[in-house]
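Note: the block below is model15.cif and it holds mmCIF, N, CA and C atoms.
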```cif
data_work
loop_
_atom_site.label_atom_id
_atom_site.label_comp_id
_atom_site.auth_asym_id
_atom_site.auth_seq_id
_atom_site.Cartn_x
_atom_site.Cartn_y
_atom_site.Cartn_z
N MET A 1 -13.85 22.83 8.64
CA MET A 1 -13.12 22.20 7.55
C MET A 1 -12.22 23.24 6.89
N ASN A 2 -11.05 22.84 6.51
CA ASN A 2 -10.07 23.78 5.99
C ASN A 2 -10.05 23.87 4.45
N GLY A 3 -11.02 23.33 3.78
CA GLY A 3 -11.07 23.43 2.32
C GLY A 3 -10.31 22.35 1.59
N THR A 4 -9.78 21.37 2.30
CA THR A 4 -9.07 20.28 1.64
C THR A 4 -9.90 19.01 1.69
N LYS A 5 -9.70 18.16 0.74
CA LYS A 5 -10.39 16.86 0.69
C LYS A 5 -9.35 15.77 0.71
N GLU A 6 -9.78 14.61 1.21
CA GLU A 6 -8.87 13.46 1.25
C GLU A 6 -8.92 12.72 -0.07
N SER A 7 -7.76 12.30 -0.53
CA SER A 7 -7.65 11.55 -1.77
C SER A 7 -7.88 10.07 -1.49
N ASP A 8 -8.80 9.44 -2.22
CA ASP A 8 -9.11 8.02 -2.02
C ASP A 8 -8.66 7.20 -3.22
N ASP A 9 -8.33 5.94 -2.96
CA ASP A 9 -8.04 4.95 -4.00
C ASP A 9 -6.93 5.35 -4.95
N THR A 10 -5.89 5.94 -4.41
CA THR A 10 -4.74 6.31 -5.22
C THR A 10 -3.64 5.29 -4.99
N ALA A 11 -3.01 4.85 -6.06
CA ALA A 11 -1.90 3.91 -5.95
C ALA A 11 -0.69 4.50 -6.67
N VAL A 12 0.47 4.37 -6.05
CA VAL A 12 1.73 4.79 -6.65
C VAL A 12 2.59 3.55 -6.76
N VAL A 13 3.11 3.29 -7.95
CA VAL A 13 3.96 2.12 -8.17
C VAL A 13 5.38 2.61 -8.43
N SER A 14 6.30 2.13 -7.62
CA SER A 14 7.72 2.44 -7.79
C SER A 14 8.43 1.13 -8.09
N PHE A 15 9.31 1.12 -9.06
CA PHE A 15 10.00 -0.12 -9.40
C PHE A 15 11.43 0.18 -9.81
N GLY A 16 12.24 -0.86 -9.79
CA GLY A 16 13.63 -0.72 -10.19
C GLY A 16 14.21 -2.07 -10.54
N THR A 17 15.42 -2.06 -11.06
CA THR A 17 16.08 -3.32 -11.42
C THR A 17 16.65 -4.01 -10.20
N THR A 18 16.87 -3.26 -9.11
CA THR A 18 17.32 -3.85 -7.84
C THR A 18 16.41 -3.33 -6.75
N TRP A 19 16.43 -4.01 -5.60
CA TRP A 19 15.62 -3.55 -4.48
C TRP A 19 16.06 -2.15 -4.04
N GLU A 20 17.35 -1.88 -4.04
CA GLU A 20 17.85 -0.57 -3.62
C GLU A 20 17.32 0.52 -4.54
N ASP A 21 17.30 0.26 -5.84
CA ASP A 21 16.78 1.22 -6.81
C ASP A 21 15.28 1.45 -6.58
N ALA A 22 14.53 0.38 -6.41
CA ALA A 22 13.09 0.48 -6.18
C ALA A 22 12.81 1.21 -4.87
N PHE A 23 13.58 0.89 -3.82
CA PHE A 23 13.37 1.54 -2.53
C PHE A 23 13.69 3.02 -2.61
N SER A 24 14.74 3.37 -3.32
CA SER A 24 15.11 4.78 -3.49
C SER A 24 13.98 5.56 -4.15
N LYS A 25 13.39 4.97 -5.19
CA LYS A 25 12.25 5.61 -5.88
C LYS A 25 11.02 5.65 -4.97
N ALA A 26 10.79 4.57 -4.23
CA ALA A 26 9.63 4.51 -3.34
C ALA A 26 9.76 5.51 -2.19
N THR A 27 10.97 5.86 -1.84
CA THR A 27 11.19 6.87 -0.80
C THR A 27 10.93 8.26 -1.35
N LYS A 28 11.29 8.48 -2.60
CA LYS A 28 11.15 9.80 -3.22
C LYS A 28 9.73 10.04 -3.75
N ASP A 29 9.07 9.04 -4.31
CA ASP A 29 7.76 9.21 -4.94
C ASP A 29 6.69 9.80 -4.03
N PRO A 30 6.53 9.33 -2.78
CA PRO A 30 5.50 9.92 -1.92
C PRO A 30 5.71 11.42 -1.67
N PHE A 31 6.97 11.85 -1.68
CA PHE A 31 7.27 13.27 -1.49
C PHE A 31 6.67 14.08 -2.64
N GLY A 32 6.85 13.62 -3.87
CA GLY A 32 6.28 14.29 -5.03
C GLY A 32 4.76 14.23 -5.03
N VAL A 33 4.20 13.10 -4.63
CA VAL A 33 2.75 12.95 -4.56
C VAL A 33 2.19 13.92 -3.52
N ARG A 34 2.83 14.00 -2.38
CA ARG A 34 2.35 14.90 -1.32
C ARG A 34 2.39 16.36 -1.79
N LYS A 35 3.45 16.75 -2.49
CA LYS A 35 3.53 18.12 -3.01
C LYS A 35 2.39 18.39 -3.99
N TRP A 36 2.11 17.43 -4.87
CA TRP A 36 1.02 17.59 -5.83
C TRP A 36 -0.32 17.69 -5.11
N LEU A 37 -0.54 16.83 -4.11
CA LEU A 37 -1.79 16.88 -3.35
C LEU A 37 -1.94 18.23 -2.65
N ASP A 38 -0.87 18.73 -2.04
CA ASP A 38 -0.92 20.03 -1.37
C ASP A 38 -1.29 21.14 -2.34
N GLN A 39 -0.69 21.11 -3.53
CA GLN A 39 -0.98 22.13 -4.54
C GLN A 39 -2.42 22.07 -5.02
N ASN A 40 -3.03 20.90 -4.95
CA ASN A 40 -4.41 20.72 -5.40
C ASN A 40 -5.40 20.64 -4.25
N LYS A 41 -4.96 21.08 -3.07
CA LYS A 41 -5.80 21.15 -1.87
C LYS A 41 -6.43 19.80 -1.51
N LEU A 42 -5.62 18.76 -1.63
CA LEU A 42 -6.00 17.42 -1.21
C LEU A 42 -5.07 16.99 -0.09
N THR A 43 -5.52 16.08 0.74
CA THR A 43 -4.67 15.57 1.82
C THR A 43 -4.49 14.07 1.67
N LEU A 44 -3.48 13.57 2.31
CA LEU A 44 -3.20 12.14 2.32
C LEU A 44 -3.15 11.70 3.78
N ASN A 45 -3.95 10.73 4.13
CA ASN A 45 -4.00 10.24 5.50
C ASN A 45 -2.88 9.22 5.69
N VAL A 46 -1.88 9.58 6.50
CA VAL A 46 -0.72 8.70 6.71
C VAL A 46 -1.15 7.38 7.35
N ASP A 47 -2.16 7.43 8.24
CA ASP A 47 -2.60 6.21 8.92
C ASP A 47 -3.26 5.22 7.96
N LYS A 48 -3.84 5.71 6.88
CA LYS A 48 -4.49 4.82 5.90
C LYS A 48 -3.55 4.43 4.76
N THR A 49 -2.41 5.09 4.67
CA THR A 49 -1.49 4.85 3.57
C THR A 49 -0.55 3.70 3.92
N LYS A 50 -0.48 2.73 3.05
CA LYS A 50 0.35 1.54 3.27
C LYS A 50 1.33 1.38 2.11
N TYR A 51 2.37 0.60 2.35
CA TYR A 51 3.22 0.23 1.22
C TYR A 51 3.41 -1.27 1.22
N LEU A 52 3.43 -1.81 0.01
CA LEU A 52 3.49 -3.25 -0.22
C LEU A 52 4.68 -3.54 -1.11
N PRO A 53 5.80 -3.99 -0.53
CA PRO A 53 6.93 -4.37 -1.39
C PRO A 53 6.61 -5.70 -2.07
N ILE A 54 6.78 -5.75 -3.36
CA ILE A 54 6.52 -6.97 -4.11
C ILE A 54 7.86 -7.62 -4.44
N TYR A 55 8.03 -8.84 -3.98
CA TYR A 55 9.28 -9.56 -4.19
C TYR A 55 8.96 -11.04 -4.30
N PHE A 56 9.77 -11.75 -5.05
CA PHE A 56 9.51 -13.16 -5.31
C PHE A 56 10.47 -14.08 -4.56
N LYS A 57 11.61 -13.55 -4.13
CA LYS A 57 12.57 -14.33 -3.36
C LYS A 57 12.52 -13.89 -1.91
N SER A 58 12.74 -14.82 -1.01
CA SER A 58 12.80 -14.47 0.41
C SER A 58 14.05 -13.63 0.66
N ASN A 59 13.84 -12.46 1.23
CA ASN A 59 14.96 -11.56 1.46
C ASN A 59 14.75 -10.83 2.78
N SER A 60 15.50 -11.18 3.80
CA SER A 60 15.32 -10.62 5.13
C SER A 60 15.70 -9.15 5.21
N SER A 61 16.49 -8.63 4.27
CA SER A 61 16.89 -7.23 4.33
C SER A 61 15.71 -6.29 4.05
N LEU A 62 14.65 -6.80 3.43
CA LEU A 62 13.48 -5.96 3.16
C LEU A 62 12.71 -5.62 4.44
N VAL A 63 12.84 -6.43 5.46
CA VAL A 63 12.06 -6.27 6.67
C VAL A 63 12.33 -4.95 7.36
N GLN A 64 13.55 -4.45 7.31
CA GLN A 64 13.94 -3.27 8.06
C GLN A 64 13.66 -1.95 7.34
N GLU A 65 13.26 -1.98 6.11
CA GLU A 65 13.08 -0.75 5.34
C GLU A 65 11.90 0.07 5.84
N ILE A 66 12.10 1.39 5.97
CA ILE A 66 11.06 2.31 6.42
C ILE A 66 10.85 3.35 5.33
N ILE A 67 9.59 3.61 5.02
CA ILE A 67 9.25 4.67 4.07
C ILE A 67 8.44 5.71 4.83
N ARG A 68 8.84 6.96 4.70
CA ARG A 68 8.16 8.06 5.37
C ARG A 68 7.39 8.90 4.35
N LEU A 69 6.29 9.44 4.81
CA LEU A 69 5.53 10.40 4.01
C LEU A 69 5.99 11.78 4.46
N HIS A 70 7.01 12.29 3.80
CA HIS A 70 7.67 13.52 4.23
C HIS A 70 6.82 14.75 3.98
N SER A 71 6.67 15.55 5.03
CA SER A 71 6.09 16.87 4.90
C SER A 71 7.20 17.92 5.02
N CYS A 72 8.39 17.47 5.43
CA CYS A 72 9.54 18.36 5.48
C CYS A 72 10.13 18.46 4.06
N ASP A 73 11.12 19.26 3.89
CA ASP A 73 11.69 19.44 2.55
C ASP A 73 12.79 18.44 2.21
N ASP A 74 13.09 17.53 3.13
CA ASP A 74 14.18 16.58 2.91
C ASP A 74 13.63 15.16 2.89
N TYR A 75 13.29 14.65 1.71
CA TYR A 75 12.71 13.30 1.61
C TYR A 75 13.71 12.20 1.92
N GLN A 76 14.98 12.54 2.05
CA GLN A 76 16.00 11.53 2.37
C GLN A 76 16.32 11.47 3.85
N SER A 77 15.72 12.34 4.65
CA SER A 77 16.03 12.38 6.08
C SER A 77 15.45 11.16 6.80
N PRO A 78 16.30 10.34 7.43
CA PRO A 78 15.79 9.17 8.16
C PRO A 78 15.38 9.51 9.60
N THR A 79 15.66 10.74 10.06
CA THR A 79 15.42 11.07 11.47
C THR A 79 14.34 12.12 11.69
N CYS A 80 13.66 12.56 10.64
CA CYS A 80 12.62 13.57 10.83
C CYS A 80 11.40 12.95 11.50
N ASP A 81 10.46 13.78 11.89
CA ASP A 81 9.25 13.31 12.56
C ASP A 81 8.09 13.08 11.60
N CYS A 82 8.37 13.01 10.32
CA CYS A 82 7.31 12.79 9.33
C CYS A 82 6.71 11.39 9.50
N GLY A 83 5.47 11.23 9.05
CA GLY A 83 4.76 9.98 9.23
C GLY A 83 5.41 8.79 8.55
N VAL A 84 5.40 7.66 9.24
CA VAL A 84 5.95 6.41 8.71
C VAL A 84 4.81 5.60 8.11
N LEU A 85 5.02 5.12 6.89
CA LEU A 85 4.02 4.29 6.23
C LEU A 85 4.12 2.86 6.75
N LYS A 86 2.97 2.24 6.97
CA LYS A 86 2.94 0.87 7.45
C LYS A 86 3.19 -0.09 6.29
N ARG A 87 4.09 -1.03 6.53
CA ARG A 87 4.37 -2.06 5.53
C ARG A 87 3.39 -3.21 5.71
N VAL A 88 2.84 -3.70 4.60
CA VAL A 88 1.89 -4.81 4.64
C VAL A 88 2.35 -5.90 3.68
N GLU A 89 1.92 -7.12 3.92
CA GLU A 89 2.24 -8.26 3.05
C GLU A 89 1.16 -8.48 2.01
N GLN A 90 -0.04 -7.94 2.26
CA GLN A 90 -1.12 -8.01 1.29
C GLN A 90 -2.03 -6.82 1.52
N TYR A 91 -2.74 -6.42 0.45
CA TYR A 91 -3.58 -5.23 0.54
C TYR A 91 -4.75 -5.38 -0.42
N ARG A 92 -5.93 -4.98 0.05
CA ARG A 92 -7.11 -5.02 -0.81
C ARG A 92 -7.22 -3.66 -1.50
N TYR A 93 -7.15 -3.69 -2.83
CA TYR A 93 -7.24 -2.47 -3.61
C TYR A 93 -8.34 -2.63 -4.65
N LEU A 94 -9.34 -1.78 -4.56
CA LEU A 94 -10.49 -1.82 -5.47
C LEU A 94 -11.11 -3.21 -5.55
N GLY A 95 -11.20 -3.87 -4.39
CA GLY A 95 -11.85 -5.17 -4.29
C GLY A 95 -10.98 -6.37 -4.59
N VAL A 96 -9.73 -6.14 -4.98
CA VAL A 96 -8.83 -7.25 -5.31
C VAL A 96 -7.74 -7.33 -4.25
N LEU A 97 -7.52 -8.51 -3.73
CA LEU A 97 -6.49 -8.72 -2.72
C LEU A 97 -5.16 -8.99 -3.41
N ILE A 98 -4.20 -8.09 -3.20
CA ILE A 98 -2.87 -8.20 -3.82
C ILE A 98 -1.90 -8.58 -2.73
N ASP A 99 -1.06 -9.59 -2.97
CA ASP A 99 -0.06 -9.96 -1.96
C ASP A 99 1.34 -9.66 -2.47
N HIS A 100 2.33 -9.86 -1.61
CA HIS A 100 3.71 -9.47 -1.92
C HIS A 100 4.36 -10.31 -3.02
N LYS A 101 3.71 -11.40 -3.43
CA LYS A 101 4.25 -12.23 -4.51
C LYS A 101 3.39 -12.16 -5.77
N LEU A 102 2.39 -11.27 -5.76
CA LEU A 102 1.43 -11.17 -6.86
C LEU A 102 0.75 -12.50 -7.13
N SER A 103 0.45 -13.22 -6.06
CA SER A 103 -0.21 -14.51 -6.15
C SER A 103 -1.72 -14.33 -6.07
N TRP A 104 -2.47 -15.16 -6.77
CA TRP A 104 -3.92 -15.11 -6.71
C TRP A 104 -4.46 -15.93 -5.55
N ASP A 105 -3.60 -16.63 -4.82
CA ASP A 105 -4.05 -17.52 -3.75
C ASP A 105 -4.92 -16.82 -2.70
N PRO A 106 -4.52 -15.67 -2.15
CA PRO A 106 -5.38 -15.02 -1.14
C PRO A 106 -6.74 -14.61 -1.72
N GLN A 107 -6.77 -14.11 -2.95
CA GLN A 107 -8.02 -13.70 -3.57
C GLN A 107 -8.90 -14.92 -3.83
N ALA A 108 -8.30 -16.00 -4.30
CA ALA A 108 -9.06 -17.23 -4.57
C ALA A 108 -9.64 -17.80 -3.29
N ALA A 109 -8.89 -17.74 -2.20
CA ALA A 109 -9.38 -18.26 -0.92
C ALA A 109 -10.61 -17.48 -0.45
N ILE A 110 -10.60 -16.19 -0.62
CA ILE A 110 -11.75 -15.37 -0.22
C ILE A 110 -12.95 -15.70 -1.09
N SER A 111 -12.74 -15.81 -2.40
CA SER A 111 -13.83 -16.14 -3.31
C SER A 111 -14.42 -17.51 -2.98
N LEU A 112 -13.56 -18.46 -2.68
CA LEU A 112 -14.01 -19.80 -2.33
C LEU A 112 -14.84 -19.78 -1.05
N LYS A 113 -14.39 -19.06 -0.04
CA LYS A 113 -15.14 -18.94 1.22
C LYS A 113 -16.52 -18.35 0.97
N GLN A 114 -16.59 -17.31 0.14
CA GLN A 114 -17.88 -16.67 -0.14
C GLN A 114 -18.82 -17.64 -0.86
N ARG A 115 -18.30 -18.42 -1.79
CA ARG A 115 -19.14 -19.39 -2.51
C ARG A 115 -19.63 -20.49 -1.58
N VAL A 116 -18.75 -20.99 -0.72
CA VAL A 116 -19.15 -22.04 0.22
C VAL A 116 -20.21 -21.53 1.17
N ARG A 117 -20.05 -20.32 1.67
CA ARG A 117 -21.06 -19.75 2.57
C ARG A 117 -22.43 -19.69 1.89
N LYS A 118 -22.46 -19.29 0.63
CA LYS A 118 -23.73 -19.23 -0.10
C LYS A 118 -24.33 -20.61 -0.28
N MET A 119 -23.46 -21.62 -0.53
CA MET A 119 -23.94 -22.97 -0.78
C MET A 119 -24.47 -23.64 0.48
N ILE A 120 -23.89 -23.34 1.64
CA ILE A 120 -24.31 -24.03 2.86
C ILE A 120 -25.43 -23.29 3.59
N TYR A 121 -25.84 -22.15 3.08
CA TYR A 121 -26.94 -21.41 3.70
C TYR A 121 -28.21 -22.20 3.54
N MET A 122 -28.87 -22.49 4.65
CA MET A 122 -30.10 -23.26 4.63
C MET A 122 -31.22 -22.40 5.19
N PRO A 123 -32.12 -21.95 4.34
CA PRO A 123 -33.25 -21.16 4.85
C PRO A 123 -34.20 -22.05 5.65
N SER A 124 -34.80 -21.49 6.65
CA SER A 124 -35.74 -22.28 7.48
C SER A 124 -37.06 -22.43 6.73
N ASP A 125 -37.78 -23.53 7.03
CA ASP A 125 -39.06 -23.81 6.36
C ASP A 125 -40.22 -23.01 6.97
N SER A 126 -40.01 -22.41 8.13
CA SER A 126 -41.12 -21.73 8.78
C SER A 126 -41.37 -20.36 8.29
#
```
Structure rendered as structure tokens:
Amino acid sequence: MNGTKESDDTAVVSFGTTWEDAFSKATKDPFGVRKWLDQNKLTLNVDKTKYLPIYFKSNSSLVQEIIRLHSCDDYQSPTCDCGVLKRVEQYRYLGVLIDHKLSWDPQAAISLKQRVRKMIYMPSDS
């Protein structure tokens, strides 16, 4: 072991008045987070790190956006070999399922399934 620990359950929120503004911040923020983690002897697992764009209108231009976890010194470089973050439409964070529209529907569906499973459980008489 090299003396570093992995950081768990960390969330970074980047926002803006336009998608371009939010994306620009979301591209830059992981670079600052990674520098802070390095200074504090923590690591970030690129394979476990996801990004969830939250949007309320259907917008096909969001599909092509790539966010990298830069270990190089140029967080704006689109061609470096730094790790690419996986984009997801929903993510479970601290037990709560968050989707791209901030809807409670996915969380409610899971809760409903769990309740139904408990209700239909029939213990045997033997």
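Separating atom C of Asp9 in chain A from atom C of Pro106 in chain A is a distance of 20.2 Å.
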Problem set entry | Test item: residues at most 7 Å from Lys101 in chain A, only N, CA and C atoms, excluding those fewer than 2 positions along its chain, as an NGL selection string | :A and (53-56 or 89 or 98-99 or 103-104)
Exercise. How would you write, as JSON, numbers by chain, the residues chosen by the PyMOL selection byres ((chain A and resi 46-49) around 6.5) on this structure?
Worked result: {"A": [44, 45, 50, 51, 83, 84, 85, 86]}
Keeping only N, CA and C atoms, write the selected residues as a PDB file, in the frame of the given file.
```pdb
ATOM      1  N   LEU A  44      -3.480  13.570   2.310  1.00  0.00           N
ATOM      2  CA  LEU A  44      -3.200  12.140   2.320  1.00  0.00           C
ATOM      3  C   LEU A  44      -3.150  11.700   3.780  1.00  0.00           C
ATOM      4  N   ASN A  45      -3.950  10.730   4.130  1.00  0.00           N
ATOM      5  CA  ASN A  45      -4.000  10.240   5.500  1.00  0.00           C
ATOM      6  C   ASN A  45      -2.880   9.220   5.690  1.00  0.00           C
ATOM      7  N   LYS A  50      -0.480   2.730   3.050  1.00  0.00           N
ATOM      8  CA  LYS A  50       0.350   1.540   3.270  1.00  0.00           C
ATOM      9  C   LYS A  50       1.330   1.380   2.110  1.00  0.00           C
ATOM     10  N   TYR A  51       2.370   0.600   2.350  1.00  0.00           N
ATOM     11  CA  TYR A  51       3.220   0.230   1.220  1.00  0.00           C
ATOM     12  C   TYR A  51       3.410  -1.270   1.220  1.00  0.00           C
ATOM     13  N   GLY A  83       5.470  11.230   9.050  1.00  0.00           N
ATOM     14  CA  GLY A  83       4.760   9.980   9.230  1.00  0.00           C
ATOM     15  C   GLY A  83       5.410   8.790   8.550  1.00  0.00           C
ATOM     16  N   VAL A  84       5.400   7.660   9.240  1.00  0.00           N
ATOM     17  CA  VAL A  84       5.950   6.410   8.710  1.00  0.00           C
ATOM     18  C   VAL A  84       4.810   5.600   8.110  1.00  0.00           C
ATOM     19  N   LEU A  85       5.020   5.120   6.890  1.00  0.00           N
ATOM     20  CA  LEU A  85       4.020   4.290   6.230  1.00  0.00           C
ATOM     21  C   LEU A  85       4.120   2.860   6.750  1.00  0.00           C
ATOM     22  N   LYS A  86       2.970   2.240   6.970  1.00  0.00           N
ATOM     23  CA  LYS A  86       2.940   0.870   7.450  1.00  0.00           C
ATOM     24  C   LYS A  86       3.190  -0.090   6.290  1.00  0.00           C
TER      25      LYS A  86
END
```
Problem set entry | Between atom N of Asp29 in chain A and CA of Leu102 in chain A - distance in Å to one decimal |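 Interatomic distance, CA of Leu102 in chain A to atom N of Asp29 in chain A: 21.8 Å.
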To box range 82-99 of chain A, take all atoms listed in the file, fit an axis-aligned box, add 5 Å on each side, and give centre and edge lengths in Å to one decimal, as AutoDock Vina command-line options.
```
--center_x -1.7 --center_y 1.5 --center_z 2.4 --size_x 30.2 --size_y 33.0 --size_z 25.9
```
Problem set entry | strand (DSSP E or B) call set, DSSP backbone run, range 2-108 of chain A, as a PyMOL selection string | chain A and resi 5-6+42-43+50-51+68-69+83-84+86-87+90-93+96-99
Just to be explicit: take each residue in the selection above, keep N, CA and C atoms, and write the result as a compact mmCIF listing (two decimals), in the frame of the given file.
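The result, stored in result_30.txt:
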```
# COMPACT_ATOMS: atom_id res chain seq x y z
N LYS A 5 -9.70 18.16 0.74
CA LYS A 5 -10.39 16.86 0.69
C LYS A 5 -9.35 15.77 0.71
N GLU A 6 -9.78 14.61 1.21
CA GLU A 6 -8.87 13.46 1.25
C GLU A 6 -8.92 12.72 -0.07
N LEU A 42 -5.62 18.76 -1.63
CA LEU A 42 -6.00 17.42 -1.21
C LEU A 42 -5.07 16.99 -0.09
N THR A 43 -5.52 16.08 0.74
CA THR A 43 -4.67 15.57 1.82
C THR A 43 -4.49 14.07 1.67
N LYS A 50 -0.48 2.73 3.05
CA LYS A 50 0.35 1.54 3.27
C LYS A 50 1.33 1.38 2.11
N TYR A 51 2.37 0.60 2.35
CA TYR A 51 3.22 0.23 1.22
C TYR A 51 3.41 -1.27 1.22
N ARG A 68 8.84 6.96 4.70
CA ARG A 68 8.16 8.06 5.37
C ARG A 68 7.39 8.90 4.35
N LEU A 69 6.29 9.44 4.81
CA LEU A 69 5.53 10.40 4.01
C LEU A 69 5.99 11.78 4.46
N GLY A 83 5.47 11.23 9.05
CA GLY A 83 4.76 9.98 9.23
C GLY A 83 5.41 8.79 8.55
N VAL A 84 5.40 7.66 9.24
CA VAL A 84 5.95 6.41 8.71
C VAL A 84 4.81 5.60 8.11
N LYS A 86 2.97 2.24 6.97
CA LYS A 86 2.94 0.87 7.45
C LYS A 86 3.19 -0.09 6.29
N ARG A 87 4.09 -1.03 6.53
CA ARG A 87 4.37 -2.06 5.53
C ARG A 87 3.39 -3.21 5.71
N GLN A 90 -0.04 -7.94 2.26
CA GLN A 90 -1.12 -8.01 1.29
C GLN A 90 -2.03 -6.82 1.52
N TYR A 91 -2.74 -6.42 0.45
CA TYR A 91 -3.58 -5.23 0.54
C TYR A 91 -4.75 -5.38 -0.42
N ARG A 92 -5.93 -4.98 0.05
CA ARG A 92 -7.11 -5.02 -0.81
C ARG A 92 -7.22 -3.66 -1.50
N TYR A 93 -7.15 -3.69 -2.83
CA TYR A 93 -7.24 -2.47 -3.61
C TYR A 93 -8.34 -2.63 -4.65
N VAL A 96 -9.73 -6.14 -4.98
CA VAL A 96 -8.83 -7.25 -5.31
C VAL A 96 -7.74 -7.33 -4.25
N LEU A 97 -7.52 -8.51 -3.73
CA LEU A 97 -6.49 -8.72 -2.72
C LEU A 97 -5.16 -8.99 -3.41
N ILE A 98 -4.20 -8.09 -3.20
CA ILE A 98 -2.87 -8.20 -3.82
C ILE A 98 -1.90 -8.58 -2.73
N ASP A 99 -1.06 -9.59 -2.97
CA ASP A 99 -0.06 -9.96 -1.96
C ASP A 99 1.34 -9.66 -2.47
```
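A straight line drawn from atom N of Thr10 in chain A to CA of Cys82 in chain A is 20.2 Å long.
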Exercise. Using the chain letters and numbers from this document, which residues of range 2-124 of chain A does DSSP assign to helix (DSSP H, G or I), as a ChimeraX atom specification?
Worked result: /A:19-39,60-64,105-120
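Remark: for Lys25 in chain A, the closest of the candidate residues A:Tyr91, A:Ile67, A:Lys41, A:Leu52 is A:Ile67 (distances computed over only C-alpha atoms).
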Seminar exercise, completed: Residue with the minimum atom-to-atom distance to His70 in chain A, picked from A:Leu42, A:Trp36, A:Lys28, A:Arg92 with only C-alpha atoms counted, is A:Lys28
Problem set entry | Option closest in space to Leu69 in chain A, from A:Thr27, A:Ser14, A:Asn40, A:Gln107 [counting all atoms listed in the file] | A:Thr27
For this session: Please evaluate the PyMOL selection byres (((chain A and resi 31 and name CA) around 10) and name CA) against the structure above and give the resulting residues as a list in words.
Result: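 Given this file, the PyMOL selection byres (((chain A and resi 31 and name CA) around 10) and name CA) evaluates to Ala26, Thr27, Lys28, Asp29, Pro30, Gly32, Val33, Arg34, Lys35, Trp36, Leu37, Arg68, Leu69, His70, Ser71, Cys72, Asp73, Asp74, Tyr75 and Gln76 of chain A.
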Kindly save the residues from that selection, with N, CA and C atoms included, as a short mmCIF file (atom, residue, chain, number, x, y, z; two decimals), in the frame of the given file.
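Final output, saved to again.cif:
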```cif
data_model
loop_
_atom_site.label_atom_id
_atom_site.label_comp_id
_atom_site.auth_asym_id
_atom_site.auth_seq_id
_atom_site.Cartn_x
_atom_site.Cartn_y
_atom_site.Cartn_z
N ALA A 26 10.79 4.57 -4.23
CA ALA A 26 9.63 4.51 -3.34
C ALA A 26 9.76 5.51 -2.19
N THR A 27 10.97 5.86 -1.84
CA THR A 27 11.19 6.87 -0.80
C THR A 27 10.93 8.26 -1.35
N LYS A 28 11.29 8.48 -2.60
CA LYS A 28 11.15 9.80 -3.22
C LYS A 28 9.73 10.04 -3.75
N ASP A 29 9.07 9.04 -4.31
CA ASP A 29 7.76 9.21 -4.94
C ASP A 29 6.69 9.80 -4.03
N PRO A 30 6.53 9.33 -2.78
CA PRO A 30 5.50 9.92 -1.92
C PRO A 30 5.71 11.42 -1.67
N GLY A 32 6.85 13.62 -3.87
CA GLY A 32 6.28 14.29 -5.03
C GLY A 32 4.76 14.23 -5.03
N VAL A 33 4.20 13.10 -4.63
CA VAL A 33 2.75 12.95 -4.56
C VAL A 33 2.19 13.92 -3.52
N ARG A 34 2.83 14.00 -2.38
CA ARG A 34 2.35 14.90 -1.32
C ARG A 34 2.39 16.36 -1.79
N LYS A 35 3.45 16.75 -2.49
CA LYS A 35 3.53 18.12 -3.01
C LYS A 35 2.39 18.39 -3.99
N TRP A 36 2.11 17.43 -4.87
CA TRP A 36 1.02 17.59 -5.83
C TRP A 36 -0.32 17.69 -5.11
N LEU A 37 -0.54 16.83 -4.11
CA LEU A 37 -1.79 16.88 -3.35
C LEU A 37 -1.94 18.23 -2.65
N ARG A 68 8.84 6.96 4.70
CA ARG A 68 8.16 8.06 5.37
C ARG A 68 7.39 8.90 4.35
N LEU A 69 6.29 9.44 4.81
CA LEU A 69 5.53 10.40 4.01
C LEU A 69 5.99 11.78 4.46
N HIS A 70 7.01 12.29 3.80
CA HIS A 70 7.67 13.52 4.23
C HIS A 70 6.82 14.75 3.98
N SER A 71 6.67 15.55 5.03
CA SER A 71 6.09 16.87 4.90
C SER A 71 7.20 17.92 5.02
N CYS A 72 8.39 17.47 5.43
CA CYS A 72 9.54 18.36 5.48
C CYS A 72 10.13 18.46 4.06
N ASP A 73 11.12 19.26 3.89
CA ASP A 73 11.69 19.44 2.55
C ASP A 73 12.79 18.44 2.21
N ASP A 74 13.09 17.53 3.13
CA ASP A 74 14.18 16.58 2.91
C ASP A 74 13.63 15.16 2.89
N TYR A 75 13.29 14.65 1.71
CA TYR A 75 12.71 13.30 1.61
C TYR A 75 13.71 12.20 1.92
N GLN A 76 14.98 12.54 2.05
CA GLN A 76 16.00 11.53 2.37
C GLN A 76 16.32 11.47 3.85
#
```
